[in-house]
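Heads up, the thing below is written out as structure tokens.
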Amino acid sequence: MNRTVDVVSSSLVSVASWGLGWTVATRARTPARLLELYEFESCPFCRKVREALTMFDLGVMVYPCPPGGTRFRPRVTELGGKAMFPFLVDPNSERQMYESNEIVKYLAETYGSGEVPLSLRLGPVTTMRSVVASALRPTMGRLRPSRAPEKPLELYSFEASPYSRIVREALSSLELPYRLHNLGKGSAFRSEFVARSGKMMVPYLVDPNENVEMFESADIVRYLERTYAQ
Ligand SMILES: N[C@@H](CCC(=O)N[C@@H](CS)C(=O)NCC(=O)O)C(=O)O
């Protein structure tokens, strides 16, 4: 896709999503063990959970499960009994769950203030604007054959960042697992990130397999394709 069209349409997704996942609403307590989310980038229900994660300032381990994917989808069926996404695993409480609204409520009650932000509890309205947002980039994040990395990658991002979305789509389509560090506006983790990377800009990819750390979405996507696509 032409780069300008790519960035403009990704920005439109953020607008259509009401900009949710731009700022931290209420900082949650950081779980002792990392939460695990099985999802895919274009899924509107998964987006609601990712928005909540940025709004609660929570990181998560992402296992991408694009339609037709074979790397992590079977694990979801094994654990939960069906291939439906999003699927959250909390190793702290040993809870596992489907249903985006249930997951958001669980996160708010277990790690946050107990309250789900109003914008995420408008029922069908909350869901419909996410469905519309997904329709703006229908072909992005489709499954592509890839080689699995030995160690998971790491991505510094926040949900509404148009440039980060382009990278998340690539990670999703290549089924590359990654630790997602959410750095919404107001995140408690921004200063730590700046100390590591030198400036506050996302996306920022860390690949411990190749000792690579980089900014710039276009460069990151090119790197992922060159290194992992088959
Ligand atoms: N009510 C569920 C709906 C979840 C749902 O329908 N997810 C779709 C993806 S957007 C799904 O899992 N489809 C089956 C598949 O992808 O194989 C929720 O809010 O989590």
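Ordering of the structure tokens sets the chain letters (A, B, ...), residue numbers begin anew at 1 in every chain, and ligands are numbered from 1 in the order given.
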
Produce a table with one row for each residue of chain A that has an atom at most 10 Å from any atom of ligand 1, each row naming the nearest atom pair and its distance in Å at one decimal; use only C-alpha atoms and all ligand atoms; arrange rows by chain and rising residue number; format as CSV.
```
residue,atom,partner,partner_atom_place_in_ligand_line,distance
A:Tyr38,CA,ligand 1,12 (O),10.0
A:Glu39,CA,ligand 1,9 (C),8.1
A:Phe40,CA,ligand 1,9 (C),7.8
A:Glu41,CA,ligand 1,10 (S),9.2
A:Ser42,CA,ligand 1,10 (S),7.3
A:Cys43,CA,ligand 1,10 (S),3.9
A:Pro44,CA,ligand 1,10 (S),5.5
A:Phe45,CA,ligand 1,19 (O),5.0
A:Cys46,CA,ligand 1,10 (S),6.7
A:Arg47,CA,ligand 1,10 (S),9.0
A:Lys48,CA,ligand 1,19 (O),8.4
A:Val49,CA,ligand 1,20 (O),8.8
A:Cys65,CA,ligand 1,16 (O),7.8
A:Pro66,CA,ligand 1,16 (O),7.0
A:Pro67,CA,ligand 1,16 (O),5.3
A:Gly68,CA,ligand 1,17 (O),7.6
A:Gly69,CA,ligand 1,17 (O),9.1
A:Arg73,CA,ligand 1,17 (O),8.2
A:Lys82,CA,ligand 1,17 (O),8.6
A:Ala83,CA,ligand 1,17 (O),5.2
A:Met84,CA,ligand 1,12 (O),3.2
A:Phe85,CA,ligand 1,12 (O),3.8
A:Pro86,CA,ligand 1,20 (O),5.5
A:Phe87,CA,ligand 1,20 (O),7.7
A:Met97,CA,ligand 1,20 (O),9.2
A:Tyr98,CA,ligand 1,20 (O),5.7
A:Glu99,CA,ligand 1,20 (O),3.2
A:Ser100,CA,ligand 1,20 (O),3.8
A:Asn101,CA,ligand 1,19 (O),5.8
A:Glu102,CA,ligand 1,19 (O),7.9
A:Ile103,CA,ligand 1,20 (O),8.1
A:Val104,CA,ligand 1,19 (O),9.8
A:Gly123,CA,ligand 1,19 (O),9.9
A:Thr127,CA,ligand 1,19 (O),8.1
A:Val131,CA,ligand 1,10 (S),8.7
A:Ser134,CA,ligand 1,10 (S),9.4
```

Any chance you could list, as a count of residues only, the residues in region 51-175 of chain A that come up helix (DSSP H, G or I) when DSSP is run on the backbone?
52

Among the residues A:Tyr228, A:Tyr223, A:Trp22, A:Tyr178, the one that comes closest to Ser146 (chain A) [using only C-alpha atoms]:
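Looking at the shortest contact to Ser146 (chain A), the residue is A:Tyr228.
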
Pick from A:Glu36, A:Glu159, A:Asp90, A:Glu78, whichever lies nearest to Thr23 (chain A) using only C-alpha atoms
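Answer, going by the shortest atom-to-atom distance: A:Glu159.
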
Among the residues of region 25-223 of chain A, find those DSSP assigns to strand (DSSP E or B) from the backbone and print them as a compact mmCIF listing (two decimals) with all heavy atoms, in the first residue's frame.
```txt
# COMPACT_ATOMS: atom_id res chain seq x y z
N GLU A 36 -1.85 -12.37 29.35
CA GLU A 36 -1.67 -12.89 27.99
C GLU A 36 -2.95 -12.68 27.19
O GLU A 36 -4.03 -13.03 27.67
CB GLU A 36 -1.34 -14.39 28.04
CG GLU A 36 -0.04 -14.67 28.76
CD GLU A 36 0.14 -16.14 29.11
OE1 GLU A 36 -0.59 -17.00 28.57
OE2 GLU A 36 1.01 -16.43 29.95
N LEU A 37 -2.82 -12.11 26.00
CA LEU A 37 -3.99 -11.84 25.18
C LEU A 37 -3.84 -12.49 23.82
O LEU A 37 -2.85 -12.28 23.11
CB LEU A 37 -4.16 -10.32 25.02
CG LEU A 37 -5.39 -9.86 24.23
CD1 LEU A 37 -6.68 -10.22 24.96
CD2 LEU A 37 -5.33 -8.35 23.99
N TYR A 38 -4.83 -13.29 23.46
CA TYR A 38 -4.90 -13.92 22.14
C TYR A 38 -5.90 -13.10 21.34
O TYR A 38 -7.07 -12.98 21.76
CB TYR A 38 -5.36 -15.38 22.26
CG TYR A 38 -4.36 -16.25 22.98
CD1 TYR A 38 -4.27 -16.23 24.38
CD2 TYR A 38 -3.48 -17.06 22.28
CE1 TYR A 38 -3.33 -17.01 25.04
CE2 TYR A 38 -2.54 -17.85 22.94
CZ TYR A 38 -2.47 -17.82 24.32
OH TYR A 38 -1.54 -18.57 24.97
N GLU A 39 -5.46 -12.54 20.25
CA GLU A 39 -6.31 -11.58 19.53
C GLU A 39 -5.78 -11.37 18.13
O GLU A 39 -4.76 -11.93 17.75
CB GLU A 39 -6.33 -10.26 20.30
CG GLU A 39 -4.95 -9.63 20.50
CD GLU A 39 -4.65 -8.51 19.56
OE1 GLU A 39 -5.48 -7.60 19.43
OE2 GLU A 39 -3.58 -8.52 18.93
N VAL A 60 0.89 -6.25 28.19
CA VAL A 60 0.32 -7.58 27.97
C VAL A 60 1.21 -8.34 27.00
O VAL A 60 1.95 -7.73 26.21
CB VAL A 60 -1.13 -7.42 27.41
CG1 VAL A 60 -1.13 -6.93 25.97
CG2 VAL A 60 -1.95 -8.68 27.51
N MET A 61 1.16 -9.66 27.09
CA MET A 61 1.84 -10.48 26.09
C MET A 61 0.81 -10.79 25.01
O MET A 61 -0.26 -11.32 25.32
CB MET A 61 2.30 -11.77 26.79
CG MET A 61 3.11 -12.66 25.95
SD MET A 61 4.70 -11.91 25.60
CE MET A 61 5.00 -12.73 24.06
N VAL A 62 1.11 -10.44 23.77
CA VAL A 62 0.14 -10.64 22.69
C VAL A 62 0.52 -11.88 21.87
O VAL A 62 1.67 -12.01 21.42
CB VAL A 62 0.09 -9.41 21.75
CG1 VAL A 62 -0.85 -9.68 20.57
CG2 VAL A 62 -0.38 -8.18 22.52
N TYR A 63 -0.45 -12.76 21.70
CA TYR A 63 -0.29 -13.90 20.80
C TYR A 63 -1.24 -13.68 19.62
O TYR A 63 -2.45 -13.90 19.75
CB TYR A 63 -0.61 -15.21 21.53
CG TYR A 63 0.38 -15.52 22.63
CD1 TYR A 63 0.03 -15.31 23.96
CD2 TYR A 63 1.66 -15.97 22.33
CE1 TYR A 63 0.96 -15.56 24.98
CE2 TYR A 63 2.58 -16.21 23.33
CZ TYR A 63 2.23 -16.01 24.65
OH TYR A 63 3.14 -16.26 25.64
N PRO A 64 -0.72 -13.23 18.48
CA PRO A 64 -1.62 -12.90 17.36
C PRO A 64 -2.26 -14.14 16.74
O PRO A 64 -1.59 -15.13 16.48
CB PRO A 64 -0.68 -12.22 16.36
CG PRO A 64 0.55 -11.85 17.12
CD PRO A 64 0.68 -12.89 18.18
N PHE A 87 -9.25 -13.53 23.72
CA PHE A 87 -9.21 -14.54 24.78
C PHE A 87 -8.09 -14.12 25.72
O PHE A 87 -6.95 -13.95 25.29
CB PHE A 87 -8.93 -15.92 24.18
CG PHE A 87 -8.89 -17.04 25.19
CD1 PHE A 87 -10.04 -17.45 25.85
CD2 PHE A 87 -7.70 -17.70 25.47
CE1 PHE A 87 -10.01 -18.50 26.77
CE2 PHE A 87 -7.66 -18.75 26.38
CZ PHE A 87 -8.82 -19.14 27.03
N LEU A 88 -8.45 -13.89 26.99
CA LEU A 88 -7.46 -13.42 27.97
C LEU A 88 -7.07 -14.53 28.92
O LEU A 88 -7.94 -15.27 29.40
CB LEU A 88 -8.02 -12.24 28.79
CG LEU A 88 -7.06 -11.68 29.84
CD1 LEU A 88 -6.11 -10.65 29.22
CD2 LEU A 88 -7.80 -11.05 31.01
N VAL A 89 -5.78 -14.63 29.19
CA VAL A 89 -5.30 -15.56 30.22
C VAL A 89 -4.59 -14.71 31.27
O VAL A 89 -3.71 -13.92 30.94
CB VAL A 89 -4.31 -16.59 29.63
CG1 VAL A 89 -3.74 -17.47 30.74
CG2 VAL A 89 -5.00 -17.45 28.57
N ASP A 90 -5.03 -14.85 32.53
CA ASP A 90 -4.35 -14.15 33.62
C ASP A 90 -3.65 -15.19 34.49
O ASP A 90 -4.29 -15.87 35.30
CB ASP A 90 -5.36 -13.35 34.45
CG ASP A 90 -4.66 -12.55 35.55
OD1 ASP A 90 -3.47 -12.80 35.79
OD2 ASP A 90 -5.31 -11.67 36.15
N ARG A 95 -7.34 -17.19 35.79
CA ARG A 95 -8.61 -16.99 35.09
C ARG A 95 -8.35 -16.97 33.58
O ARG A 95 -7.31 -16.46 33.13
CB ARG A 95 -9.25 -15.65 35.49
CG ARG A 95 -9.79 -15.60 36.90
CD ARG A 95 -11.13 -16.29 37.06
NE ARG A 95 -12.17 -15.76 36.17
CZ ARG A 95 -12.94 -14.73 36.47
NH1 ARG A 95 -12.78 -14.08 37.60
NH2 ARG A 95 -13.89 -14.32 35.62
N GLN A 96 -9.28 -17.49 32.83
CA GLN A 96 -9.21 -17.44 31.37
C GLN A 96 -10.58 -17.02 30.89
O GLN A 96 -11.58 -17.51 31.42
CB GLN A 96 -8.93 -18.83 30.80
CG GLN A 96 -7.65 -19.43 31.35
CD GLN A 96 -7.39 -20.82 30.80
OE1 GLN A 96 -8.21 -21.38 30.10
NE2 GLN A 96 -6.24 -21.36 31.09
N MET A 97 -10.64 -16.11 29.94
CA MET A 97 -11.98 -15.70 29.52
C MET A 97 -12.07 -15.18 28.09
O MET A 97 -11.11 -14.64 27.55
CB MET A 97 -12.55 -14.66 30.48
CG MET A 97 -11.84 -13.35 30.50
SD MET A 97 -12.49 -12.32 31.82
CE MET A 97 -11.55 -12.99 33.16
N SER A 146 5.13 -17.16 7.86
CA SER A 146 6.30 -16.58 8.53
C SER A 146 7.06 -17.65 9.30
O SER A 146 6.54 -18.73 9.56
CB SER A 146 5.85 -15.50 9.50
OG SER A 146 5.19 -16.10 10.60
N LEU A 153 9.07 -10.80 20.59
CA LEU A 153 9.55 -9.44 20.34
C LEU A 153 8.92 -8.53 21.40
O LEU A 153 8.09 -8.97 22.20
CB LEU A 153 9.14 -9.01 18.92
CG LEU A 153 10.02 -9.53 17.78
CD1 LEU A 153 10.20 -11.01 17.79
CD2 LEU A 153 9.46 -9.10 16.43
N GLU A 154 9.32 -7.25 21.37
CA GLU A 154 8.70 -6.28 22.28
C GLU A 154 8.31 -5.07 21.47
O GLU A 154 9.09 -4.61 20.62
CB GLU A 154 9.68 -5.84 23.37
CG GLU A 154 10.06 -6.97 24.29
CD GLU A 154 10.83 -6.47 25.52
OE1 GLU A 154 10.41 -5.48 26.14
OE2 GLU A 154 11.85 -7.09 25.82
N LEU A 155 7.11 -4.54 21.74
CA LEU A 155 6.67 -3.34 21.03
C LEU A 155 6.20 -2.29 22.02
O LEU A 155 5.37 -2.58 22.89
CB LEU A 155 5.52 -3.67 20.07
CG LEU A 155 5.01 -2.47 19.27
CD1 LEU A 155 6.03 -2.01 18.23
CD2 LEU A 155 3.67 -2.77 18.59
N TYR A 156 6.75 -1.09 21.88
CA TYR A 156 6.28 0.07 22.64
C TYR A 156 5.29 0.80 21.74
O TYR A 156 5.63 1.14 20.59
CB TYR A 156 7.46 0.97 23.04
CG TYR A 156 8.37 0.30 24.05
CD1 TYR A 156 9.35 -0.61 23.64
CD2 TYR A 156 8.23 0.56 25.41
CE1 TYR A 156 10.17 -1.23 24.57
CE2 TYR A 156 9.05 -0.07 26.35
CZ TYR A 156 10.02 -0.96 25.92
OH TYR A 156 10.82 -1.59 26.83
N SER A 157 4.11 1.07 22.25
CA SER A 157 3.01 1.49 21.39
C SER A 157 1.93 2.10 22.25
O SER A 157 2.02 2.11 23.48
CB SER A 157 2.50 0.20 20.71
OG SER A 157 1.23 0.30 20.15
N TYR A 178 4.49 -10.91 20.80
CA TYR A 178 5.25 -9.77 21.31
C TYR A 178 4.72 -9.27 22.64
O TYR A 178 3.52 -9.36 22.92
CB TYR A 178 5.28 -8.62 20.30
CG TYR A 178 3.93 -8.05 19.92
CD1 TYR A 178 3.47 -6.84 20.46
CD2 TYR A 178 3.10 -8.70 19.00
CE1 TYR A 178 2.25 -6.30 20.09
CE2 TYR A 178 1.88 -8.17 18.64
CZ TYR A 178 1.46 -6.97 19.19
OH TYR A 178 0.23 -6.45 18.84
N ARG A 179 5.67 -8.75 23.42
CA ARG A 179 5.28 -8.10 24.65
C ARG A 179 4.90 -6.67 24.30
O ARG A 179 5.72 -5.93 23.75
CB ARG A 179 6.44 -8.11 25.65
CG ARG A 179 6.02 -7.44 26.92
CD ARG A 179 7.07 -7.46 27.97
NE ARG A 179 6.54 -6.73 29.11
CZ ARG A 179 7.00 -6.81 30.33
NH1 ARG A 179 7.99 -7.61 30.60
NH2 ARG A 179 6.46 -6.11 31.30
N LEU A 180 3.66 -6.31 24.59
CA LEU A 180 3.17 -4.98 24.27
C LEU A 180 3.32 -4.07 25.48
O LEU A 180 2.75 -4.35 26.54
CB LEU A 180 1.69 -5.07 23.84
CG LEU A 180 1.00 -3.75 23.53
CD1 LEU A 180 1.61 -3.06 22.32
CD2 LEU A 180 -0.51 -3.99 23.29
N HIS A 181 4.12 -3.01 25.31
CA HIS A 181 4.25 -1.99 26.36
C HIS A 181 3.37 -0.83 25.94
O HIS A 181 3.65 -0.19 24.92
CB HIS A 181 5.70 -1.49 26.45
CG HIS A 181 6.70 -2.56 26.78
ND1 HIS A 181 7.09 -2.84 28.07
CD2 HIS A 181 7.40 -3.41 25.99
CE1 HIS A 181 8.00 -3.81 28.06
NE2 HIS A 181 8.20 -4.18 26.81
N ASN A 182 2.32 -0.56 26.68
CA ASN A 182 1.45 0.55 26.32
C ASN A 182 1.97 1.85 26.94
O ASN A 182 2.25 1.91 28.13
CB ASN A 182 0.02 0.27 26.81
CG ASN A 182 -0.73 -0.58 25.81
OD1 ASN A 182 -0.70 -0.31 24.61
ND2 ASN A 182 -1.39 -1.63 26.29
N LYS A 185 -0.78 8.58 26.64
CA LYS A 185 -0.47 9.87 27.28
C LYS A 185 -0.80 9.74 28.77
O LYS A 185 -1.89 9.29 29.12
CB LYS A 185 -1.31 10.96 26.63
CG LYS A 185 -0.87 12.35 26.93
CD LYS A 185 -1.44 13.32 25.90
CE LYS A 185 -1.05 14.74 26.20
NZ LYS A 185 -1.74 15.30 27.37
N TYR A 204 8.18 1.55 18.77
CA TYR A 204 9.59 1.23 18.98
C TYR A 204 9.64 -0.28 19.15
O TYR A 204 8.96 -0.84 20.01
CB TYR A 204 10.09 1.93 20.23
CG TYR A 204 11.56 1.77 20.51
CD1 TYR A 204 12.52 2.44 19.75
CD2 TYR A 204 12.00 0.95 21.56
CE1 TYR A 204 13.88 2.29 20.03
CE2 TYR A 204 13.35 0.81 21.84
CZ TYR A 204 14.28 1.49 21.07
OH TYR A 204 15.63 1.35 21.35
N LEU A 205 10.41 -0.91 18.29
CA LEU A 205 10.47 -2.38 18.32
C LEU A 205 11.78 -2.86 18.92
O LEU A 205 12.84 -2.29 18.63
CB LEU A 205 10.36 -2.94 16.89
CG LEU A 205 10.39 -4.47 16.81
CD1 LEU A 205 8.99 -5.07 17.04
CD2 LEU A 205 10.94 -4.97 15.47
N VAL A 206 11.69 -3.89 19.74
CA VAL A 206 12.89 -4.55 20.27
C VAL A 206 12.81 -6.00 19.83
O VAL A 206 11.80 -6.68 20.07
CB VAL A 206 12.93 -4.47 21.81
CG1 VAL A 206 14.14 -5.22 22.35
CG2 VAL A 206 12.92 -3.03 22.29
N ASP A 207 13.86 -6.46 19.15
CA ASP A 207 13.92 -7.87 18.77
C ASP A 207 15.15 -8.47 19.42
O ASP A 207 16.28 -8.31 18.94
CB ASP A 207 13.99 -8.02 17.24
CG ASP A 207 13.94 -9.50 16.85
OD1 ASP A 207 14.06 -10.36 17.75
OD2 ASP A 207 13.79 -9.79 15.64
N VAL A 212 18.18 -6.12 17.86
CA VAL A 212 17.76 -4.94 17.11
C VAL A 212 16.80 -4.11 17.96
O VAL A 212 15.93 -4.67 18.64
CB VAL A 212 17.07 -5.39 15.80
CG1 VAL A 212 16.21 -4.30 15.22
CG2 VAL A 212 18.11 -5.84 14.79
N GLU A 213 16.97 -2.80 17.94
CA GLU A 213 16.01 -1.89 18.56
C GLU A 213 15.80 -0.75 17.58
O GLU A 213 16.78 -0.18 17.10
CB GLU A 213 16.53 -1.32 19.89
CG GLU A 213 16.90 -2.39 20.88
CD GLU A 213 16.86 -1.94 22.34
OE1 GLU A 213 16.47 -0.78 22.60
OE2 GLU A 213 17.24 -2.76 23.19
N MET A 214 14.56 -0.42 17.25
CA MET A 214 14.36 0.61 16.24
C MET A 214 13.06 1.39 16.34
O MET A 214 12.05 0.87 16.81
CB MET A 214 14.49 0.00 14.85
CG MET A 214 13.47 -1.06 14.53
SD MET A 214 13.96 -2.13 13.16
CE MET A 214 14.01 -0.98 11.83
N PHE A 215 13.11 2.64 15.89
CA PHE A 215 11.94 3.48 15.70
C PHE A 215 11.52 3.38 14.23
O PHE A 215 12.18 2.72 13.45
CB PHE A 215 12.29 4.96 15.97
CG PHE A 215 12.48 5.32 17.41
CD1 PHE A 215 13.75 5.62 17.91
CD2 PHE A 215 11.40 5.40 18.28
CE1 PHE A 215 13.93 5.99 19.23
CE2 PHE A 215 11.58 5.77 19.61
CZ PHE A 215 12.85 6.06 20.08
```

Which of A:Arg165, A:Arg50, A:Arg129, A:Arg27 sits closest to Val15 (chain A) [using only C-alpha atoms]:
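Checking each of A:Arg165, A:Arg50, A:Arg129, A:Arg27 against Val15 (chain A), counting only C-alpha atoms, the winner is A:Arg129.
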
Closest of A:Ala160, A:Ala229, A:Leu58, A:Leu53 to Ser130 (chain A), counting only C-alpha atoms, is A:Ala160

CA of Val24 (chain A) to CA of Gly186 (chain A), straight-line distance in Å
5.5 Å

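Excluding Ser164 (chain A) and any residue on its chain fewer than 5 positions from it, the residues at most 7 Å away by only C-alpha atoms are Ser157, Phe158, Val202, Pro203 and Ser217 of chain A.
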